[in-house]
>>> print(open('upload_6.cif').read())   # mmCIF, C-alpha atoms
data_input
#
loop_
_atom_site.label_atom_id
_atom_site.label_comp_id
_atom_site.auth_asym_id
_atom_site.auth_seq_id
_atom_site.Cartn_x
_atom_site.Cartn_y
_atom_site.Cartn_z
CA MET A 1 83.96 91.86 84.68
CA GLN A 2 84.67 90.21 88.01
CA PRO A 3 86.63 91.11 91.14
CA VAL A 4 89.06 88.22 91.68
CA LEU A 5 91.67 87.11 94.18
CA GLU A 6 94.93 85.64 92.93
CA MET A 7 95.14 82.41 94.89
CA ASN A 8 97.99 80.30 96.20
CA PRO A 9 97.73 76.62 97.16
CA THR A 10 95.91 76.17 100.46
CA GLN A 11 97.42 72.88 101.66
CA GLY A 12 98.45 72.95 105.30
CA PHE A 13 96.23 75.84 106.37
CA ASP A 14 94.28 74.79 109.48
CA LEU A 15 93.10 77.94 111.26
CA TRP A 16 89.61 77.57 109.73
CA PRO A 17 87.99 75.54 106.92
CA VAL A 18 89.16 76.46 103.41
CA ALA A 19 88.67 75.01 99.94
CA GLU A 20 91.40 72.84 98.47
CA ILE A 21 93.39 74.79 95.90
CA GLU A 22 96.43 73.07 94.49
CA SER A 23 97.75 75.57 91.94
CA LEU A 24 97.77 79.28 91.17
CA ASP A 25 94.28 80.39 90.17
CA PHE A 26 91.77 83.23 90.52
CA LEU A 27 88.82 83.14 92.92
CA PRO A 28 85.92 85.42 91.88
CA LEU A 29 84.31 87.32 94.74
CA SER A 30 80.53 87.64 94.91
CA GLY A 31 77.54 86.84 97.03
CA GLU A 32 77.41 83.33 95.55
CA LEU A 33 80.40 81.89 97.44
CA SER A 34 80.02 78.93 99.76
CA PRO A 35 81.14 79.32 103.40
CA THR A 36 84.32 77.38 102.63
CA GLU A 37 85.06 79.65 99.66
CA VAL A 38 84.50 82.72 101.84
CA GLY A 39 86.95 81.28 104.35
CA THR A 40 89.41 80.75 101.51
CA ALA A 41 89.05 84.36 100.42
CA VAL A 42 89.55 85.67 103.96
CA MET A 43 92.61 83.42 104.30
CA ARG A 44 94.12 84.85 101.12
CA ILE A 45 93.40 88.48 102.02
CA ALA A 46 94.88 88.04 105.48
CA GLY A 47 97.79 86.07 104.01
CA CYS A 48 98.67 88.90 101.63
CA ASN A 49 99.31 91.04 104.71
CA ASP A 50 100.94 88.35 106.85
CA VAL A 51 104.42 89.85 106.61
CA ASP A 52 106.97 90.92 109.19
CA PRO A 53 106.09 94.37 110.55
CA ASP A 54 108.57 97.21 110.17
CA GLY A 55 110.19 98.96 113.08
CA ASP A 56 107.20 101.21 113.71
CA GLN A 57 104.74 98.34 114.10
CA PRO A 58 104.21 96.22 117.22
CA PRO A 59 105.40 92.60 116.96
CA PRO A 60 102.77 89.99 116.09
CA PRO A 61 101.08 88.09 118.93
CA ALA A 62 102.32 84.65 119.89
CA THR A 63 99.18 82.64 119.09
CA ALA A 64 98.88 81.30 115.55
CA LEU A 65 95.48 82.88 114.80
CA ASP A 66 96.29 86.30 116.21
CA SER A 67 99.68 86.29 114.49
CA PHE A 68 98.12 85.42 111.11
CA LEU A 69 95.51 88.19 111.42
CA HIS A 70 97.94 90.75 112.83
CA GLY A 71 98.86 92.47 109.57
CA LEU A 72 95.28 92.61 108.33
CA LEU A 73 94.11 94.17 111.58
CA THR A 74 96.98 96.59 112.25
CA PHE A 75 98.74 97.70 109.05
CA ASP A 76 97.92 101.16 107.76
CA THR A 77 98.25 100.07 104.12
CA LEU A 78 96.73 96.76 103.06
CA PHE A 79 97.30 94.75 99.89
CA VAL A 80 95.22 92.13 98.09
CA ALA A 81 96.68 90.12 95.22
CA GLY A 82 94.17 90.20 92.38
CA GLY A 83 92.07 92.82 90.69
CA LEU A 84 89.37 92.92 88.03
CA ARG A 85 89.11 90.24 85.35
CA VAL A 86 87.40 91.03 82.05
CA ALA A 87 86.34 88.29 79.62
CA ASP A 88 85.11 88.85 76.07
CA ASP A 89 82.83 85.91 75.33
CA ALA A 90 82.70 86.80 71.63
CA THR A 91 86.46 86.55 71.06
CA GLY A 92 87.56 84.37 73.97
CA VAL A 93 90.05 87.03 75.12
CA THR A 94 90.50 87.43 78.88
CA PHE A 95 92.10 90.47 80.49
CA LEU A 96 93.70 89.43 83.79
CA PRO A 97 94.88 91.54 86.74
CA GLY A 98 98.56 92.47 86.82
CA CYS A 99 101.02 92.57 89.67
CA CYS A 100 101.08 96.34 90.26
CA ASP A 101 97.43 97.20 90.87
CA GLY A 102 95.85 94.89 93.41
CA LEU A 103 92.19 94.45 94.27
CA GLU A 104 92.54 97.13 96.94
CA ASP A 105 92.98 99.60 94.05
CA TRP A 106 89.87 98.56 92.12
CA ARG A 107 88.43 102.09 92.31
CA ASP A 108 91.29 103.20 90.04
CA TRP A 109 89.03 101.87 87.27
CA GLN A 110 86.29 104.34 88.23
CA ARG A 111 88.73 107.24 88.14
CA PHE A 112 90.05 105.97 84.81
CA VAL A 113 86.54 106.00 83.33
CA ASP A 114 86.00 109.57 84.50
CA VAL A 115 89.40 111.02 83.62
CA GLY A 116 90.72 108.76 80.84
CA GLY A 117 94.40 108.38 80.01
CA LEU A 118 96.26 105.12 80.64
CA LEU A 119 95.95 102.69 83.53
CA GLY A 120 98.78 100.18 83.95
CA PHE A 121 98.56 96.97 85.94
CA GLY A 122 101.96 95.31 85.70
CA HIS A 123 105.44 95.11 84.21
CA ASP A 124 107.63 92.56 82.41
CA PRO A 125 106.97 89.83 81.48
CA VAL A 126 103.24 90.70 81.29
CA SER A 127 101.99 94.28 81.34
CA PRO A 128 98.21 94.66 80.97
CA ILE A 129 97.02 98.22 80.33
CA ALA A 130 93.73 100.06 79.88
CA GLU A 131 93.47 103.08 77.59
CA ARG A 132 90.58 105.39 76.78
CA PHE A 133 90.13 106.83 73.30
CA GLY A 134 87.11 109.10 73.37
CA ASP A 135 84.11 106.91 74.14
CA THR A 136 86.06 103.67 73.61
CA VAL A 137 88.14 101.74 76.14
CA ARG A 138 90.85 99.38 74.93
CA LEU A 139 92.17 96.68 77.27
CA THR A 140 95.51 95.28 76.09
CA VAL A 141 96.40 91.93 77.62
CA ASN A 142 100.18 92.52 77.30
CA ALA A 143 101.50 95.90 76.19
CA HIS A 144 104.97 94.39 75.63
CA GLN A 145 103.59 92.10 72.92
CA SER A 146 103.06 93.81 69.55
CA ASP A 147 100.24 91.48 68.55
CA SER A 148 98.68 91.27 72.02
CA PRO A 149 95.02 90.33 72.23
CA VAL A 150 92.78 93.28 73.11
CA ILE A 151 89.25 93.87 74.33
CA GLU A 152 87.39 96.99 73.23
CA LEU A 153 84.22 98.27 74.85
CA SER A 154 82.41 101.54 75.29
CA VAL A 155 82.87 103.80 78.29
CA THR A 156 79.17 103.37 79.03
CA ASP A 157 79.51 99.58 79.08
CA LEU A 158 82.53 99.80 81.38
CA ARG A 159 80.59 102.01 83.79
CA HIS A 160 77.84 99.40 83.91
CA LEU A 161 80.36 96.63 84.51
CA LEU A 162 81.91 98.56 87.38
CA VAL A 163 78.47 98.89 89.00
CA GLY A 164 78.31 95.09 88.91
CA VAL A 165 81.80 94.83 90.39
CA GLU A 166 80.83 97.01 93.34
CA ARG A 167 77.67 94.96 93.86
CA ASP A 168 79.72 91.74 93.87
CA LEU A 169 82.14 93.17 96.44
CA VAL A 170 79.35 94.46 98.66
CA ASP A 171 77.64 91.05 98.54
CA PHE A 172 80.94 89.28 99.30
CA LEU A 173 81.59 91.57 102.25
CA ALA A 174 78.15 90.77 103.67
CA LEU A 175 78.93 87.06 103.40
CA ALA A 176 82.34 87.61 104.98
CA ALA A 177 80.81 89.48 107.93
CA ASP A 178 78.40 86.60 108.56
CA TRP A 179 81.24 84.07 108.09
CA ALA A 180 83.44 85.93 110.59
CA SER A 181 80.63 85.94 113.15
CA ARG A 182 80.65 82.14 112.98
CA HIS A 183 84.34 81.31 112.56
CA LEU A 184 86.08 84.29 114.16
CA PRO A 185 83.57 85.54 116.76
CA ASP A 186 86.25 87.16 118.94
CA HIS A 187 87.59 89.11 115.95
CA CYS A 188 84.40 89.60 113.94
CA SER A 189 84.16 93.37 114.16
CA ALA A 190 87.85 93.97 113.51
CA VAL A 191 88.08 91.51 110.61
CA THR A 192 84.92 92.86 108.97
CA ALA A 193 86.17 96.44 109.30
CA ALA A 194 89.56 95.48 107.84
CA LEU A 195 87.96 93.71 104.87
CA ALA A 196 85.76 96.74 104.24
CA ARG A 197 88.80 99.02 104.38
CA VAL A 198 90.88 96.97 101.97
CA LEU A 199 87.95 96.74 99.53
CA ASP A 200 87.19 100.46 99.96
CA LEU A 201 83.59 99.83 101.03
CA PRO A 202 81.43 100.77 104.04
CA ALA A 203 81.54 98.14 106.76
CA PRO A 204 78.30 96.17 107.09
CA GLY A 205 76.60 95.80 110.43
CA ILE A 206 77.82 93.16 112.86
CA PRO A 207 75.28 90.41 113.59
CA PRO A 208 73.60 90.72 117.02
CA GLY A 209 75.23 88.84 119.88
CA VAL A 210 78.71 88.76 118.36
CA GLN A 211 81.56 89.82 120.59
CA ARG A 212 83.33 92.89 119.25
CA ALA A 213 87.11 92.71 119.16
#
>>> encode(input="upload_6.cif", output="structure tokens")
Amino acid sequence: MQPVLEMNPTQGFDLWPVAEIESLDFLPLSGELSPTEVGTAVMRIAGCNDVDPDGDQPPPPATALDSFLHGLLTFDTLFVAGGLRVADDATGVTFLPGCCDGLEDWRDWQRFVDVGGLLGFGHDPVSPIAERFGDTVRLTVNAHQSDSPVIELSVTDLRHLLVGVERDLVDFLALAADWASRHLPDHCSAVTAALARVLDLPAPGIPPGVQRA
């Protein structure tokens, strides 16, 4: 189980170094990312929130960098395209995030494990769902498909996987904080805090000597 970002092509982005991505794909988040991959992840998270503010929000700044970061740093509710990806190596089945439960909602999985019921992640044409039946969790790749591939695992195994997910996100956030201190020193504190908020994690410490926004 991995926390992943749903990526868009990165051609033309020049505010900081990013990896070249030419088609829709998923970028796993962990402490193993290169600096360029971290920059790509930060670009995507900020880009998900780079939308026109509503009437209650101040207009974005004029400079390109401040304008791009404006939503991430000022919106009350943040969104991250992606979620948790689950792969069954034995069957080759992969359960992908849907469109209705982004990475910012990853703790829904923890509540699902505790409470049970049904957790939906999308709608037509693909609707992945998670269901709990006693001590068994069934992940259906597409609930609208009668013969959809499924992954079944125990509640105990899912709890262990979610511990790994949180560790991956914590490790990524530590990398992102260090990356921001190097590439966005004037916004390091604010960007790190925003990333922590959208990932529902405590903000790591800011490296010494970095200007706080």
>>> closest_residue(input="upload_6.cif", among="A:Trp106, A:Phe112, A:Phe172, A:Phe75", to="Asp200 of chain A", atoms="only C-alpha atoms")
A:Trp106
>>> atom_distance(input="upload_6.cif", atom1="atom CA of Leu29 of chain A", atom2="atom CA of Pro3 of chain A")
5.7 Å
>>> resolve_selection(input="upload_6.cif", expression="the PyMOL selection byres ((chain A and resi 15-23) around 6)", output="NGL selection string")
:A and (9-10 or 14 or 24 or 36-37 or 39-40)
>>> atom_distance(input="upload_6.cif", atom1="atom CA of Thr140 of chain A", atom2="atom CA of Leu153 of chain A")
11.7 Å
>>> atom_distance(input="upload_6.cif", atom1="atom CA of Glu166 of chain A", atom2="atom CA of Pro149 of chain A")
26.3 Å
>>> residues_around(input="upload_6.cif", residues="Leu73 of chain A", least_positions_apart="3", cutoff="12 Å", atoms="only C-alpha atoms", output="VMD selection string")
chain A and resid 45 to 47 49 to 50 57 to 58 60 to 61 65 to 70 76 to 78 187 to 198 213
